[in-house]
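Chemist: My file is protein-v2.txt. It has compact mmCIF, C-alpha atoms:
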```
# COMPACT_ATOMS: atom_id res chain seq x y z
CA MET A 1 35.15 5.20 13.35
CA ASP A 2 32.12 5.62 11.03
CA SER A 3 33.84 3.49 8.40
CA ASP A 4 34.38 0.67 10.91
CA LEU A 5 30.72 0.83 11.93
CA ASN A 6 29.56 0.57 8.31
CA LYS A 7 31.71 -2.50 7.76
CA THR A 8 30.15 -4.34 10.68
CA GLU A 9 26.59 -3.16 10.04
CA LYS A 10 24.31 -6.12 9.33
CA LEU A 11 22.23 -5.87 6.19
CA LEU A 12 19.32 -7.97 4.95
CA GLN A 13 18.42 -8.50 1.28
CA ASN A 14 15.03 -9.51 -0.09
CA LYS A 15 15.62 -12.41 -2.50
CA ASP A 16 12.69 -11.40 -4.70
CA ASN A 17 13.16 -7.66 -5.28
CA LYS A 18 16.81 -7.35 -4.14
CA LYS A 19 15.89 -4.55 -1.75
CA ILE A 20 18.34 -4.07 1.11
CA ILE A 21 17.51 -2.97 4.65
CA ARG A 22 19.54 -2.58 7.80
CA HIS A 23 18.83 -5.31 10.33
CA GLU A 24 17.95 -2.71 12.96
CA ASP A 25 15.31 -1.21 10.63
CA PHE A 26 13.64 -4.55 9.88
CA VAL A 27 10.38 -5.17 11.79
CA ALA A 28 10.01 -8.94 12.11
CA GLY A 29 6.42 -8.69 13.36
CA ILE A 30 5.24 -6.99 10.19
CA SER A 31 7.10 -9.55 8.10
CA LYS A 32 5.43 -12.43 9.90
CA GLY A 33 2.00 -10.83 9.66
CA MET A 34 2.40 -10.37 5.91
CA ALA A 35 3.61 -13.97 5.63
CA ILE A 36 0.32 -15.08 7.19
CA LEU A 37 -1.69 -13.02 4.68
CA ASP A 38 0.44 -14.40 1.82
CA CYS A 39 -0.76 -17.88 2.74
CA PHE A 40 -4.24 -17.08 1.43
CA GLY A 41 -4.88 -17.42 -2.30
CA ALA A 42 -7.22 -18.66 -4.99
CA ASP A 43 -6.52 -22.26 -4.00
CA ARG A 44 -6.64 -21.71 -0.23
CA HIS A 45 -9.47 -19.52 1.05
CA ARG A 46 -9.36 -20.77 4.64
CA LEU A 47 -6.52 -21.66 7.01
CA ASN A 48 -6.40 -23.10 10.49
CA ILE A 49 -3.53 -22.55 12.93
CA SER A 50 -1.65 -25.70 11.94
CA MET A 51 -1.84 -24.88 8.23
CA ALA A 52 -0.64 -21.31 8.81
CA ALA A 53 2.25 -22.54 10.94
CA GLU A 54 3.29 -25.09 8.33
CA ARG A 55 3.12 -22.62 5.43
CA THR A 56 5.06 -19.87 7.22
CA GLY A 57 7.52 -21.94 9.24
CA MET A 58 6.27 -20.41 12.49
CA THR A 59 5.44 -22.30 15.64
CA ARG A 60 1.76 -22.97 16.21
CA ALA A 61 1.82 -20.51 19.11
CA ALA A 62 3.29 -17.73 16.94
CA ALA A 63 0.93 -18.46 14.06
CA ARG A 64 -2.02 -18.36 16.46
CA ARG A 65 -1.00 -14.95 17.82
CA HIS A 66 -0.62 -13.47 14.36
CA LEU A 67 -3.94 -14.91 13.16
CA LEU A 68 -5.75 -13.57 16.22
CA THR A 69 -4.11 -10.16 15.82
CA LEU A 70 -5.16 -9.95 12.17
CA GLU A 71 -8.67 -10.98 13.18
CA TYR A 72 -8.68 -8.29 15.88
CA LEU A 73 -7.60 -5.69 13.28
CA GLY A 74 -10.43 -6.75 10.97
CA TYR A 75 -8.41 -8.35 8.14
CA LEU A 76 -9.44 -11.90 9.04
CA GLU A 77 -12.60 -13.54 10.29
CA SER A 78 -12.93 -16.92 11.99
CA ASP A 79 -15.59 -19.56 12.42
CA GLY A 80 -13.78 -20.93 15.47
CA HIS A 81 -11.68 -23.39 13.50
CA TYR A 82 -10.63 -21.68 10.28
CA PHE A 83 -9.61 -18.12 9.43
CA TYR A 84 -10.51 -16.37 6.18
CA LEU A 85 -9.97 -12.93 4.64
CA THR A 86 -12.46 -10.11 5.08
CA PRO A 87 -13.34 -7.38 2.54
CA LYS A 88 -11.11 -4.98 4.49
CA ILE A 89 -8.11 -6.56 2.74
CA LEU A 90 -9.34 -4.98 -0.53
CA LYS A 91 -8.41 -1.58 0.87
CA PHE A 92 -4.82 -2.16 -0.25
CA SER A 93 -5.60 -3.34 -3.78
CA GLY A 94 -8.11 -0.54 -4.20
CA ALA A 95 -5.54 2.04 -3.15
CA TYR A 96 -3.04 0.63 -5.65
CA LEU A 97 -5.46 0.44 -8.57
CA SER A 98 -6.78 3.96 -7.97
CA GLY A 99 -3.35 5.49 -7.46
CA ALA A 100 -1.00 3.63 -9.81
CA GLN A 101 -0.42 5.24 -13.19
CA LEU A 102 -0.37 2.21 -15.49
CA PRO A 103 -3.84 0.78 -14.65
CA LYS A 104 -5.52 4.19 -15.11
CA ILE A 105 -3.74 4.94 -18.39
CA SER A 106 -4.34 1.43 -19.73
CA GLN A 107 -8.06 1.18 -19.02
CA PRO A 108 -9.47 3.31 -21.88
CA LEU A 109 -7.08 1.71 -24.36
CA LEU A 110 -8.10 -1.79 -23.25
CA ASN A 111 -11.77 -0.85 -23.57
CA LEU A 112 -11.11 0.46 -27.09
CA LEU A 113 -9.47 -2.85 -28.06
CA THR A 114 -12.50 -4.75 -26.81
CA ASN A 115 -14.86 -2.45 -28.73
CA GLN A 116 -12.85 -3.16 -31.88
CA THR A 117 -12.61 -6.94 -31.47
CA SER A 118 -15.14 -8.10 -28.82
CA LEU A 119 -12.26 -9.91 -27.10
CA ILE A 120 -10.88 -9.49 -23.58
CA PHE A 121 -7.54 -7.70 -23.01
CA SER A 122 -5.46 -7.33 -19.85
CA VAL A 123 -2.33 -5.68 -18.50
CA MET A 124 -0.25 -7.90 -16.24
CA VAL A 125 2.89 -7.53 -14.11
CA LEU A 126 5.24 -10.11 -12.63
CA ASP A 127 5.17 -10.85 -8.90
CA GLY A 128 7.42 -13.74 -7.97
CA TYR A 129 5.97 -16.97 -9.36
CA GLU A 130 2.89 -15.33 -10.82
CA ALA A 131 1.67 -12.75 -13.31
CA ILE A 132 -1.00 -10.46 -11.85
CA THR A 133 -3.80 -8.68 -13.72
CA ILE A 134 -3.73 -4.96 -12.87
CA ALA A 135 -6.08 -3.77 -15.63
CA ARG A 136 -8.71 -5.53 -17.75
CA SER A 137 -11.00 -4.39 -20.52
CA ALA A 138 -14.69 -4.02 -19.80
CA ALA A 139 -16.79 -6.25 -22.04
CA HIS A 140 -20.24 -5.21 -23.18
CA GLN A 141 -21.25 -8.82 -22.81
CA GLN A 142 -19.31 -11.97 -22.13
CA THR A 143 -20.91 -15.27 -22.93
CA ASP A 144 -17.65 -17.23 -23.10
CA ARG A 145 -16.57 -18.93 -19.92
CA VAL A 146 -12.83 -18.31 -19.81
CA ASN A 147 -11.63 -19.42 -16.41
CA PRO A 148 -9.42 -18.37 -14.77
CA TYR A 149 -7.71 -16.32 -17.48
CA GLY A 150 -8.25 -12.57 -17.25
CA LEU A 151 -11.57 -12.67 -15.46
CA HIS A 152 -10.88 -10.17 -12.71
CA LEU A 153 -8.41 -7.62 -11.41
CA GLY A 154 -5.83 -9.13 -9.11
CA ASN A 155 -6.08 -12.51 -10.82
CA ARG A 156 -2.79 -14.37 -10.31
CA LEU A 157 -1.57 -16.91 -12.86
CA PRO A 158 1.60 -19.04 -12.99
CA ALA A 159 4.04 -17.04 -15.09
CA HIS A 160 5.68 -19.98 -16.86
CA ALA A 161 2.38 -21.18 -18.33
CA THR A 162 0.95 -17.88 -19.61
CA SER A 163 1.77 -15.61 -22.54
CA ALA A 164 2.06 -12.49 -20.37
CA GLY A 165 4.16 -14.29 -17.77
CA LYS A 166 6.60 -15.62 -20.35
CA ILE A 167 6.96 -12.16 -21.91
CA LEU A 168 7.90 -10.74 -18.52
CA LEU A 169 10.29 -13.61 -17.76
CA ALA A 170 11.88 -13.28 -21.20
CA HIS A 171 12.96 -9.73 -20.41
CA LEU A 172 14.72 -10.62 -17.17
CA GLU A 173 18.50 -10.85 -17.20
CA PRO A 174 19.84 -14.41 -17.79
CA ASN A 175 21.03 -14.72 -14.19
CA GLU A 176 17.61 -13.56 -12.98
CA GLN A 177 15.92 -16.21 -15.15
CA SER A 178 18.16 -18.91 -13.67
CA GLU A 179 17.43 -17.71 -10.14
CA TRP A 180 13.70 -17.67 -10.92
CA LEU A 181 13.76 -21.26 -12.19
CA GLU A 182 15.73 -22.35 -9.14
CA LYS A 183 13.22 -20.76 -6.80
CA TYR A 184 10.10 -21.72 -8.79
CA PRO A 185 10.55 -25.16 -10.44
CA LEU A 186 8.41 -25.53 -13.56
CA GLN A 187 5.14 -27.25 -12.67
CA ARG A 188 3.08 -29.24 -15.14
CA LEU A 189 -0.46 -27.83 -15.33
CA THR A 190 -1.57 -29.43 -18.61
CA LYS A 191 0.10 -31.79 -21.07
CA TYR A 192 1.28 -28.71 -23.01
CA THR A 193 3.09 -27.00 -20.10
CA HIS A 194 6.85 -26.60 -20.50
CA THR A 195 8.68 -28.36 -17.66
CA ASP A 196 12.27 -28.70 -18.93
CA ASN A 197 14.50 -25.81 -17.83
CA ALA A 198 16.81 -25.81 -20.86
CA THR A 199 13.90 -25.88 -23.31
CA PHE A 200 12.11 -23.17 -21.36
CA LEU A 201 15.17 -20.88 -21.34
CA ASN A 202 15.54 -21.33 -25.10
CA LEU A 203 11.87 -20.46 -25.50
CA LEU A 204 12.33 -17.28 -23.43
CA HIS A 205 15.23 -16.28 -25.69
CA GLU A 206 13.04 -16.75 -28.79
CA ILE A 207 10.23 -14.76 -27.20
CA LYS A 208 12.56 -11.87 -26.40
CA GLU A 209 13.91 -11.87 -29.95
CA GLN A 210 10.47 -11.74 -31.60
CA ASP A 211 9.06 -9.44 -28.85
CA TRP A 212 5.74 -11.24 -28.54
CA CYS A 213 4.49 -14.54 -27.14
CA TYR A 214 1.77 -16.96 -28.15
CA SER A 215 0.69 -19.56 -25.60
CA SER A 216 -1.86 -22.31 -26.11
CA GLU A 217 -3.43 -24.52 -23.44
CA GLU A 218 -0.35 -24.43 -21.20
CA HIS A 219 -2.34 -23.29 -18.18
CA GLU A 220 -5.87 -24.36 -19.07
CA LEU A 221 -7.17 -26.56 -21.87
CA GLY A 222 -9.34 -24.78 -24.42
CA VAL A 223 -7.71 -21.38 -23.86
CA HIS A 224 -4.96 -19.62 -25.77
CA ALA A 225 -3.40 -16.17 -25.46
CA LEU A 226 -1.08 -13.66 -27.08
CA ALA A 227 1.04 -11.04 -25.31
CA VAL A 228 3.46 -8.20 -26.05
CA PRO A 229 5.71 -6.26 -23.66
CA ILE A 230 4.92 -2.76 -22.44
CA TYR A 231 8.06 -0.65 -22.31
CA ALA A 232 8.70 2.42 -20.20
CA GLN A 233 10.54 5.40 -21.67
CA SER A 234 13.72 3.91 -20.18
CA SER A 235 13.29 0.89 -22.51
CA LYS A 236 12.66 -1.33 -19.51
CA VAL A 237 9.74 -3.77 -19.72
CA ILE A 238 7.32 -2.92 -16.93
CA ALA A 239 4.26 -5.01 -17.85
CA ALA A 240 2.66 -7.17 -20.52
CA LEU A 241 -0.42 -6.55 -22.65
CA ASN A 242 -2.32 -9.69 -23.56
CA ILE A 243 -5.40 -11.07 -25.25
CA VAL A 244 -7.10 -14.23 -24.01
CA SER A 245 -9.62 -16.26 -25.97
CA PRO A 246 -11.18 -19.73 -26.09
CA THR A 247 -9.61 -21.85 -28.83
CA THR A 248 -13.13 -22.51 -30.12
CA ARG A 249 -13.60 -18.81 -30.85
CA THR A 250 -10.31 -17.74 -32.42
CA THR A 251 -7.41 -19.44 -34.18
CA LYS A 252 -3.69 -18.91 -33.68
CA GLU A 253 -3.46 -17.44 -37.17
CA TYR A 254 -6.22 -14.93 -36.45
CA LEU A 255 -4.58 -13.78 -33.23
CA ILE A 256 -1.18 -13.30 -34.86
CA GLN A 257 -2.38 -11.77 -38.12
CA HIS A 258 -5.16 -9.50 -36.84
CA ILE A 259 -4.75 -9.03 -33.08
CA LEU A 260 -0.96 -8.84 -32.72
CA PRO A 261 -0.70 -5.55 -34.68
CA LEU A 262 -3.36 -4.03 -32.40
CA LEU A 263 -1.47 -5.16 -29.30
CA GLN A 264 1.80 -3.75 -30.61
CA GLU A 265 0.21 -0.44 -31.54
CA THR A 266 -1.41 -0.10 -28.11
CA ALA A 267 1.86 -0.99 -26.35
CA ARG A 268 3.64 1.74 -28.35
CA GLU A 269 0.95 4.23 -27.38
CA LEU A 270 1.32 3.32 -23.72
CA ARG A 271 5.10 3.78 -23.95
CA ASN A 272 4.63 7.27 -25.35
CA ILE A 273 2.31 8.19 -22.48
CA LEU A 274 4.25 6.64 -19.59
```
As C-alpha cells - that is how I would like this structure written.

Modeler:
Amino acid sequence: MDSDLNKTEKLLQNKDNKKIIRHEDFVAGISKGMAILDCFGADRHRLNISMAAERTGMTRAAARRHLLTLEYLGYLESDGHYFYLTPKILKFSGAYLSGAQLPKISQPLLNLLTNQTSLIFSVMVLDGYEAITIARSAAHQQTDRVNPYGLHLGNRLPAHATSAGKILLAHLEPNEQSEWLEKYPLQRLTKYTHTDNATFLNLLHEIKEQDWCYSSEEHELGVHALAVPIYAQSSKVIAALNIVSPTTRTTKEYLIQHILPLLQETARELRNIL
C-alpha cells in the first residue's frame, strides 16, 4: 500500500537548484510573495500593480493582494501608486552575511590583498543569471569610480559578462551549462560581450582548463577583471575570487603577472580553511 502511494505522490522540482518537494508541502502563497520581491532589482526600484502582475504572471487582483500584504508586514512601502522596498528587507541579507562561513573567513584575506595592492577584491557566488558579491575588501580610500563592479555587498552582475560569473559557469556540468544558456540567453551589454552560444561554451571550457578567467569591458566599458575559483575540501567550486580595476589604472599583463598569483594563493588558503 505504501509503495502504491509513493508512486502516485506528486512531486515538484525547482528548475534552478533541482530541489524536490512534495506538492502537499509546497506553500503557493509564500512562493508568490517571494516572486513579488524578486521583481525588485537594481534596474527596477519601484513597481505598480500592473508591473508586478506582468512580471510574475499573476492577475492584477492577486498581485495587488500580495503587494498590500508585504506593505502591511513592513517589507514594502507605497506612495499610493508605486511600491518600493523598505530597509526591513535587509534583515535577510544581514542574517546571511553575519552567519555564513565564507564571507566571514574571506573578509580579512580580502582586506590583506587590498593592503598589498590598493585594488578592490571580492568573493562572488552564482545565483541563476547573476553573480552576487558576498564579500568585498575594505579600501582605505577609493578615488576610482568603478560602477557597478564590486562596489557593494549584494551587488548582482550578469554572469556571462563577468570574470567571476564565467569562472562559476565554467565549473558547471556540460548539461547544466546548456540548460543555463537555454534559460538565460546571452545578452549583449557592450560590443565586447559574448553572445554566440557555441563560442561561449568553448570559452568556458578554456577557462576551466586554465582555472582562471580574465574579462575586459564585457559588462562595462573601461573596466576589466580577473577571477579564480574557490574550491571546498570536496573539490567542488563554491565561489569565485576576483579583482576589478579600471583599464586606465592596470593592464591585462599586470593583472595576470602580478595579481593572479595572489588570487591563486588566497584561494588555496581559503580551501584549507573551509

Chemist: Compile the contact shell of segment 251-254 of chain A as JSON, numbers by chain: residues with an atom at most 12 Å away, counting all atoms listed in the file, same-chain residues fewer than 5 positions apart removed.

Modeler: {"A": [117, 213, 214, 215, 216, 217, 222, 223, 224, 225, 226, 243, 244, 245, 246, 259, 260, 261, 262]}

Chemist: Calculate how many Å separate atom CA of Thr199 of chain A from atom CA of Ile132 of chain A, rounding to one decimal.

Modeler: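 Computed distance, atom CA of Thr199 of chain A to atom CA of Ile132 of chain A, equals 24.3 Å.
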
Chemist: Could you work out how far atom CA of Thr69 of chain A lies from atom CA of Met51 of chain A, giving the answer in Å with one decimal?

Modeler: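 Distance between the two atoms: 16.7 Å.
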
Chemist: Can you find the residues with an atom no farther than 9 Å from (6.7, -6.3, -19.5), counting all atoms listed in the file, and report them as a JSON list (two decimals) with C-alpha atoms, in the coordinates of the input?

Modeler:
```json
[["chain", "number", "residue", "atom", "x", "y", "z"],
["A", 124, "MET", "CA", -0.25, -7.90, -16.24],
["A", 125, "VAL", "CA", 2.89, -7.53, -14.11],
["A", 126, "LEU", "CA", 5.24, -10.11, -12.63],
["A", 164, "ALA", "CA", 2.06, -12.49, -20.37],
["A", 165, "GLY", "CA", 4.16, -14.29, -17.77],
["A", 167, "ILE", "CA", 6.96, -12.16, -21.91],
["A", 168, "LEU", "CA", 7.90, -10.74, -18.52],
["A", 169, "LEU", "CA", 10.29, -13.61, -17.76],
["A", 170, "ALA", "CA", 11.88, -13.28, -21.20],
["A", 171, "HIS", "CA", 12.96, -9.73, -20.41],
["A", 228, "VAL", "CA", 3.46, -8.20, -26.05],
["A", 229, "PRO", "CA", 5.71, -6.26, -23.66],
["A", 230, "ILE", "CA", 4.92, -2.76, -22.44],
["A", 231, "TYR", "CA", 8.06, -0.65, -22.31],
["A", 232, "ALA", "CA", 8.70, 2.42, -20.20],
["A", 236, "LYS", "CA", 12.66, -1.33, -19.51],
["A", 237, "VAL", "CA", 9.74, -3.77, -19.72],
["A", 238, "ILE", "CA", 7.32, -2.92, -16.93],
["A", 239, "ALA", "CA", 4.26, -5.01, -17.85],
["A", 240, "ALA", "CA", 2.66, -7.17, -20.52],
["A", 241, "LEU", "CA", -0.42, -6.55, -22.65]]
```

Chemist: Hey, which of A:Thr193, A:Asn48, A:Asn175, A:Ser118 ends up closest to His81 of chain A? Count all atoms listed in the file.

Modeler: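 Of A:Thr193, A:Asn48, A:Asn175, A:Ser118, the one nearest His81 of chain A, counting all atoms listed in the file, is A:Asn48.
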
Chemist: Give me, as number ranges by chain, all polymer residues having an atom no more than 7 Å from segment 88-95 of chain A, counting all atoms listed in the file and skipping those fewer than 4 positions away in the same chain.

Modeler: A: 74-75, 99

Chemist: Just how far from atom CA of Leu274 of chain A is atom CA of Glu206 of chain A, in Å to one decimal?

Modeler: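 A separation of 26.6 Å between them.
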
Chemist: For Leu201 of chain A, which residue among A:Pro174, A:Pro158, A:Gly57, A:Gly80 is the nearest when counting all atoms listed in the file?

Modeler: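 Looking only at the distances to Leu201 of chain A, the closest residue turns out to be A:Pro174.
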
Chemist: Measuring between all atoms listed in the file, which one of A:Lys15, A:Arg55, A:Lys191, A:Arg271 shows the shortest distance to Ala161 of chain A?

Modeler: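 Closest to Ala161 of chain A, using all atoms listed in the file: A:Lys191.
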
Chemist: Choose the residue, out of A:Asn242, A:Asn17, A:Ser78, A:Thr59, that has the smallest atom-to-atom separation from Gly128 of chain A; count all atoms listed in the file.

Modeler: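 That would be A:Asn17, the residue with the smallest distance to Gly128 of chain A.
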
Chemist: Residues at most 8 Å from Thr114 of chain A, counting all atoms listed in the file, excluding those fewer than 6 positions away in the same chain, as a PDB file with C-alpha atoms, in the frame of the given file?

Modeler:
```
ATOM      1  CA  ILE A 120     -10.880  -9.490 -23.580  1.00  0.00           C
ATOM      2  CA  PHE A 121      -7.540  -7.700 -23.010  1.00  0.00           C
ATOM      3  CA  SER A 137     -11.000  -4.390 -20.520  1.00  0.00           C
ATOM      4  CA  ALA A 138     -14.690  -4.020 -19.800  1.00  0.00           C
ATOM      5  CA  ALA A 139     -16.790  -6.250 -22.040  1.00  0.00           C
TER       6      ALA A 139
END
```
